[in-house]
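The data block below is input-v9.txt; it holds compact mmCIF, C-alpha atoms.
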```txt
# COMPACT_ATOMS: atom_id res chain seq x y z
CA MET A 1 -12.12 -26.44 12.94
CA ASP A 2 -12.02 -30.22 12.47
CA CYS A 3 -8.54 -31.70 13.03
CA ARG A 4 -9.22 -34.35 10.39
CA ASP A 5 -9.78 -31.72 7.67
CA CYS A 6 -7.47 -29.00 8.95
CA SER A 7 -5.18 -27.50 6.31
CA ASN A 8 -3.01 -25.63 8.84
CA LYS A 9 0.38 -27.27 8.43
CA ARG A 10 1.78 -25.16 11.27
CA CYS A 11 -0.38 -27.06 13.77
CA TYR A 12 1.80 -29.40 15.78
CA LEU A 13 -1.03 -31.96 16.10
CA ASN A 14 -1.73 -31.91 12.38
CA THR A 15 1.90 -32.57 11.48
CA ASN A 16 2.88 -34.99 14.28
CA CYS A 17 -0.14 -37.23 14.94
CA LEU A 18 -1.25 -40.29 13.01
CA SER A 19 -4.55 -39.78 11.15
CA SER A 20 -6.33 -42.31 13.37
CA TRP A 21 -5.35 -40.30 16.43
CA LEU A 22 -6.60 -37.05 14.90
CA GLU A 23 -10.02 -38.68 14.83
CA TYR A 24 -9.57 -39.54 18.50
CA VAL A 25 -8.68 -35.91 19.28
CA GLU A 26 -11.80 -34.70 17.46
CA THR A 27 -13.96 -36.81 19.76
CA PHE A 28 -12.70 -35.13 22.92
CA LYS A 29 -11.49 -31.64 22.06
CA THR A 30 -13.54 -28.51 22.80
CA ARG A 31 -13.64 -25.50 20.46
CA LYS A 32 -13.39 -22.10 22.15
CA LEU A 33 -13.93 -18.70 20.53
CA ILE A 34 -12.33 -16.00 22.68
CA SER A 35 -12.60 -12.26 22.09
CA ALA A 36 -9.58 -9.96 22.00
CA GLY A 37 -8.25 -8.90 25.40
CA MET A 38 -9.59 -11.92 27.29
CA LYS A 39 -7.63 -14.33 29.48
CA VAL A 40 -7.52 -17.95 28.33
CA PHE A 41 -6.13 -19.02 31.69
CA THR A 42 -4.59 -17.17 34.63
CA GLU A 43 -1.46 -17.76 36.66
CA GLY A 44 -2.38 -20.01 39.60
CA ASP A 45 -5.22 -21.82 37.80
CA LEU A 46 -5.33 -25.62 37.86
CA VAL A 47 -4.11 -27.22 34.62
CA THR A 48 -6.92 -29.34 33.16
CA GLY A 49 -5.56 -29.57 29.60
CA ILE A 50 -3.62 -27.84 26.85
CA TYR A 51 -4.71 -25.46 24.09
CA VAL A 52 -3.89 -25.37 20.40
CA ILE A 53 -4.34 -22.06 18.56
CA CYS A 54 -6.49 -22.67 15.49
CA SER A 55 -6.39 -18.98 14.57
CA GLY A 56 -5.45 -15.78 16.37
CA LYS A 57 -2.59 -14.20 18.29
CA LEU A 58 -1.87 -14.30 22.02
CA LYS A 59 0.61 -13.08 24.60
CA ILE A 60 1.87 -15.13 27.52
CA THR A 61 2.63 -13.17 30.68
CA MET A 62 4.17 -13.78 34.09
CA LYS A 63 3.87 -11.71 37.25
CA THR A 64 7.18 -10.08 38.10
CA GLY A 65 5.93 -7.79 40.86
CA THR A 66 2.88 -7.13 42.98
CA SER A 67 0.83 -5.92 40.01
CA ARG A 68 3.16 -5.96 36.97
CA GLU A 69 2.87 -8.65 34.31
CA SER A 70 5.77 -9.15 31.91
CA ILE A 71 5.22 -10.56 28.41
CA ILE A 72 7.49 -13.60 28.09
CA ARG A 73 6.23 -15.21 24.88
CA LEU A 74 4.03 -14.66 21.84
CA ALA A 75 1.98 -17.38 20.15
CA ALA A 76 -0.05 -17.67 16.94
CA ASP A 77 -1.71 -20.22 14.62
CA GLY A 78 -0.82 -23.85 15.24
CA GLN A 79 1.09 -23.27 18.47
CA VAL A 80 0.44 -24.81 21.86
CA LEU A 81 -0.52 -23.04 25.10
CA GLY A 82 -0.51 -24.29 28.66
CA HIS A 83 2.41 -26.70 28.42
CA ARG A 84 4.36 -24.71 31.03
CA GLY A 85 1.82 -25.85 33.62
CA ILE A 86 2.48 -29.54 33.04
CA SER A 87 4.42 -30.37 36.20
CA LYS A 88 4.08 -32.12 39.53
CA ASN A 89 1.75 -29.41 40.84
CA MET A 90 -0.24 -28.98 37.58
CA ILE A 91 -0.66 -25.24 38.23
CA TYR A 92 -0.22 -22.59 35.53
CA PRO A 93 2.87 -20.46 36.36
CA ILE A 94 1.86 -18.00 33.64
CA SER A 95 -1.22 -16.38 32.08
CA ALA A 96 -2.36 -16.30 28.44
CA GLU A 97 -4.36 -13.44 26.90
CA THR A 98 -5.71 -12.95 23.38
CA LEU A 99 -4.38 -10.02 21.36
CA GLU A 100 -7.17 -10.45 18.80
CA ASP A 101 -10.29 -12.58 18.40
CA SER A 102 -9.00 -16.16 18.48
CA GLU A 103 -10.19 -19.73 18.02
CA LEU A 104 -8.63 -22.32 20.32
CA ALA A 105 -8.94 -26.07 20.66
CA PHE A 106 -8.88 -27.37 24.25
CA ILE A 107 -7.58 -30.91 24.78
CA PRO A 108 -7.99 -32.51 28.25
CA ASN A 109 -4.91 -33.75 30.08
CA GLU A 110 -5.70 -37.46 29.80
CA VAL A 111 -6.23 -37.16 26.03
CA PHE A 112 -3.00 -35.20 25.54
CA PHE A 113 -0.95 -37.70 27.57
CA LYS A 114 -2.41 -40.58 25.58
CA LEU A 115 -1.44 -38.79 22.34
CA LEU A 116 2.13 -38.45 23.59
CA LYS A 117 2.26 -42.14 24.49
CA HIS A 118 1.04 -43.39 21.11
CA ASN A 119 2.56 -40.82 18.70
CA VAL A 120 6.36 -40.89 18.74
CA ASP A 121 6.66 -37.88 16.40
CA LEU A 122 4.51 -35.82 18.76
CA SER A 123 6.58 -36.82 21.81
CA THR A 124 9.78 -35.91 19.98
CA PHE A 125 8.31 -32.61 18.86
CA MET A 126 7.27 -31.68 22.40
CA MET A 127 10.73 -32.57 23.76
CA MET A 128 12.35 -30.29 21.18
CA PHE A 129 9.71 -27.62 21.79
CA PHE A 130 10.51 -27.53 25.53
CA ALA A 131 14.24 -27.38 24.75
CA ASP A 132 13.73 -24.47 22.34
CA GLU A 133 11.58 -22.64 24.90
CA LEU A 134 14.32 -23.02 27.50
CA MET A 135 16.98 -21.77 25.06
CA ARG A 136 14.89 -18.69 24.15
CA SER A 137 14.31 -17.93 27.83
CA GLU A 138 18.06 -18.14 28.50
CA GLN A 139 18.84 -15.91 25.51
CA LYS A 140 16.26 -13.36 26.64
CA PHE A 141 17.82 -13.34 30.12
CA ARG A 142 21.28 -12.74 28.62
CA MET A 143 19.93 -9.95 26.43
CA HIS A 144 18.32 -8.30 29.47
CA ALA A 145 21.56 -8.50 31.43
CA LEU A 146 24.09 -7.56 28.75
CA ALA A 147 22.47 -5.88 25.76
CA SER A 148 21.96 -2.20 25.06
CA GLU A 149 18.43 -0.79 25.01
CA THR A 150 18.40 -0.63 21.20
CA MET A 151 19.54 -4.26 20.98
CA LYS A 152 16.72 -5.29 23.32
CA VAL A 153 14.17 -3.52 21.14
CA ALA A 154 15.63 -4.97 17.94
CA SER A 155 15.54 -8.44 19.50
CA ALA A 156 11.91 -7.98 20.57
CA LEU A 157 10.90 -6.87 17.05
CA CYS A 158 12.62 -9.93 15.56
CA MET A 159 10.75 -12.22 17.97
CA VAL A 160 7.46 -10.57 16.98
CA VAL A 161 8.29 -11.18 13.31
CA ASP A 162 9.13 -14.82 14.08
CA ALA A 163 5.86 -15.28 15.96
CA PHE A 164 3.42 -13.33 13.77
CA GLY A 165 5.14 -12.74 10.43
CA TYR A 166 4.32 -9.95 7.99
CA VAL A 167 1.05 -8.62 6.55
CA ASN A 168 0.51 -10.39 3.20
CA ASP A 169 3.39 -9.55 0.81
CA THR A 170 4.51 -6.45 2.70
CA GLN A 171 7.24 -6.07 5.30
CA GLN A 172 4.80 -4.60 7.84
CA ILE A 173 4.84 -6.69 11.01
CA ASP A 174 1.49 -8.44 11.40
CA SER A 175 1.06 -7.56 15.06
CA PRO A 176 -1.90 -6.17 17.02
CA MET A 177 0.40 -5.27 19.93
CA SER A 178 0.49 -1.69 21.19
CA PHE A 179 3.78 0.10 21.74
CA SER A 180 3.17 -0.36 25.48
CA ASP A 181 3.02 -4.13 24.96
CA LEU A 182 6.09 -4.06 22.73
CA SER A 183 8.10 -2.08 25.29
CA ASN A 184 6.99 -4.55 27.96
CA PHE A 185 8.13 -7.45 25.76
CA ALA A 186 11.49 -5.73 25.16
CA GLU A 187 11.81 -5.14 28.93
CA VAL A 188 12.37 -1.41 28.59
CA SER A 189 10.29 1.63 29.48
CA LYS A 190 7.96 3.02 26.83
CA ASN A 191 10.07 6.20 26.51
CA VAL A 192 13.21 4.11 25.93
CA PHE A 193 11.32 1.94 23.43
CA LEU A 194 10.16 4.99 21.45
CA LYS A 195 13.69 6.41 21.42
CA ALA A 196 15.08 3.07 20.18
CA ILE A 197 12.57 2.63 17.35
CA ASN A 198 13.18 6.23 16.29
CA ASN A 199 16.91 5.42 16.15
CA LEU A 200 16.16 2.31 14.07
CA SER A 201 13.94 4.41 11.82
CA ASP A 202 16.64 7.06 11.37
CA SER A 203 19.03 4.24 10.37
CA LYS A 204 16.53 3.10 7.70
CA ILE A 205 16.18 -0.32 9.33
CA ILE A 206 12.48 0.11 10.10
CA LYS A 207 9.71 2.55 9.22
CA ILE A 208 7.03 3.67 11.67
CA ASN A 209 3.48 4.66 10.74
CA LYS A 210 1.42 5.39 13.85
CA ASN A 211 1.68 2.14 15.85
CA LYS A 212 2.67 -0.03 12.87
CA VAL A 213 6.25 -1.10 12.19
CA THR A 214 7.56 -1.97 8.72
CA VAL A 215 10.93 -3.71 8.51
CA LEU A 216 13.05 -2.18 5.74
CA ASP A 217 16.24 -4.14 6.37
CA GLU A 218 15.63 -7.44 8.20
CA PRO A 219 19.27 -8.68 8.02
CA ALA A 220 20.45 -5.45 9.67
CA LEU A 221 17.73 -5.72 12.33
CA ARG A 222 18.69 -9.32 13.14
CA LYS A 223 22.40 -8.46 13.18
CA MET A 224 21.67 -5.72 15.70
CA ALA A 225 19.43 -8.03 17.75
CA TYR A 226 21.63 -11.03 18.24
CA PRO A 227 25.35 -10.17 18.74
CA VAL A 228 25.21 -11.13 22.42
CA THR A 229 23.40 -14.44 21.91
CA ALA A 230 25.60 -15.25 18.90
CA ALA A 231 28.70 -14.77 21.03
CA PHE A 232 27.37 -17.21 23.64
CA THR A 233 26.45 -19.74 20.94
CA ALA A 234 29.96 -19.63 19.48
CA SER A 235 31.71 -20.01 22.84
```
Can the structure from this file be put into structure tokens for me?
Amino acid sequence: MDCRDCSNKRCYLNTNCLSSWLEYVETFKTRKLISAGMKVFTEGDLVTGIYVICSGKLKITMKTGTSRESIIRLAADGQVLGHRGISKNMIYPISAETLEDSELAFIPNEVFFKLLKHNVDLSTFMMMFFADELMRSEQKFRMHALASETMKVASALCMVVDAFGYVNDTQQIDSPMSFSDLSNFAEVSKNVFLKAINNLSDSKIIKINKNKVTVLDEPALRKMAYPVTAAFTAS
């Protein structure tokens, strides 16, 4: 996908770089087609650049035990990957894995830093992006510490909707994630996750068909998901 002709208005480069700099990006970026279930980069790898998702869906994970990986973020079209590794050590503290066949654009470090220097809108966007990421991480920590299991699951479903949206004009969540992945993202066991979504289904907030979730009442789902974080925001 050529940045100069890209119609994806969700792409942070497309919307925050001057047209002359999009041509510069096109000169240096590398297009990568990655099959579902493959790692884009792995925790501990050296950071050599950042990735932009042209199309596809991915999960970002972090090791929380000797062998366990927890899903800490979801990403889709137009979003950036690898920014968490931009630090003094330039080592990825997380891993990224495709949930479906995906097309990514890889931009080397020196090119990305030059873009930030010469595109004020991009620099501002990245500053706000990091701030939002920190806020979401703090909210997720509060949910884990204070929320009920059903609230955790409702919150996770809302975050999946925010990341991936719905299938066409339906209210079915457009997610390739398994229930095992969803329970991991909600930070509950799979049995607890299944009990919680059955409770939400009995309350007519969602509908379950095999491993697909349709949201019947999004305001009710969000109200259930965010009472703890809303209380902190108001304080």
So which residues touch Ala225 in chain A within 9 Å, counting only C-alpha atoms, skipping near sequence neighbours fewer than 6 positions away, as a list in words?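 Everything that qualifies: Met143, Ala147, Thr150, Met151, Lys152, Val153, Ala154, Ser155, Ala156, Leu157 and Cys158 of chain A.
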Residues just named, written with C-alpha atoms as a JSON list (two decimals), in the coordinates of the input:
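This went into out-v6.json:
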```json
[["chain", "number", "residue", "atom", "x", "y", "z"],
["A", 143, "MET", "CA", 19.93, -9.95, 26.43],
["A", 147, "ALA", "CA", 22.47, -5.88, 25.76],
["A", 150, "THR", "CA", 18.40, -0.63, 21.20],
["A", 151, "MET", "CA", 19.54, -4.26, 20.98],
["A", 152, "LYS", "CA", 16.72, -5.29, 23.32],
["A", 153, "VAL", "CA", 14.17, -3.52, 21.14],
["A", 154, "ALA", "CA", 15.63, -4.97, 17.94],
["A", 155, "SER", "CA", 15.54, -8.44, 19.50],
["A", 156, "ALA", "CA", 11.91, -7.98, 20.57],
["A", 157, "LEU", "CA", 10.90, -6.87, 17.05],
["A", 158, "CYS", "CA", 12.62, -9.93, 15.56]]
```
Listed atoms of range 138-145 of chain A boxed axis-aligned with 8 Å per side, centre + edges as JSON:
```
{"center_x": 18.9, "center_y": -13.2, "center_z": 28.5, "size_x": 21.3, "size_y": 25.8, "size_z": 21.9}
```
Work out how far apart CA of Lys39 in chain A and CA of Thr98 in chain A are and give it in Å to one decimal. 6.5 Å
Within-7 Å shell of (0.1, -25.6, 29.4) in input frame, all atoms listed in the file, as a PyMOL selection string: chain A and resi 47+49-50+81-86+92
Would you put the residues from that selection into a file with C-alpha atoms, as a PDB file, in the frame of the given file?
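Here's the written file selection-v9.pdb:
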```pdb
ATOM      1  CA  VAL A  47      -4.110 -27.220  34.620  1.00  0.00           C
ATOM      2  CA  GLY A  49      -5.560 -29.570  29.600  1.00  0.00           C
ATOM      3  CA  ILE A  50      -3.620 -27.840  26.850  1.00  0.00           C
ATOM      4  CA  LEU A  81      -0.520 -23.040  25.100  1.00  0.00           C
ATOM      5  CA  GLY A  82      -0.510 -24.290  28.660  1.00  0.00           C
ATOM      6  CA  HIS A  83       2.410 -26.700  28.420  1.00  0.00           C
ATOM      7  CA  ARG A  84       4.360 -24.710  31.030  1.00  0.00           C
ATOM      8  CA  GLY A  85       1.820 -25.850  33.620  1.00  0.00           C
ATOM      9  CA  ILE A  86       2.480 -29.540  33.040  1.00  0.00           C
ATOM     10  CA  TYR A  92      -0.220 -22.590  35.530  1.00  0.00           C
TER      11      TYR A  92
END
```
Quick one: of A:Asn109, A:Ser55, A:Ile71, A:Asn14, who's nearest to Ser180 in chain A, counting all atoms listed in the file?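 Closest residue, counting all atoms listed in the file: A:Ile71.
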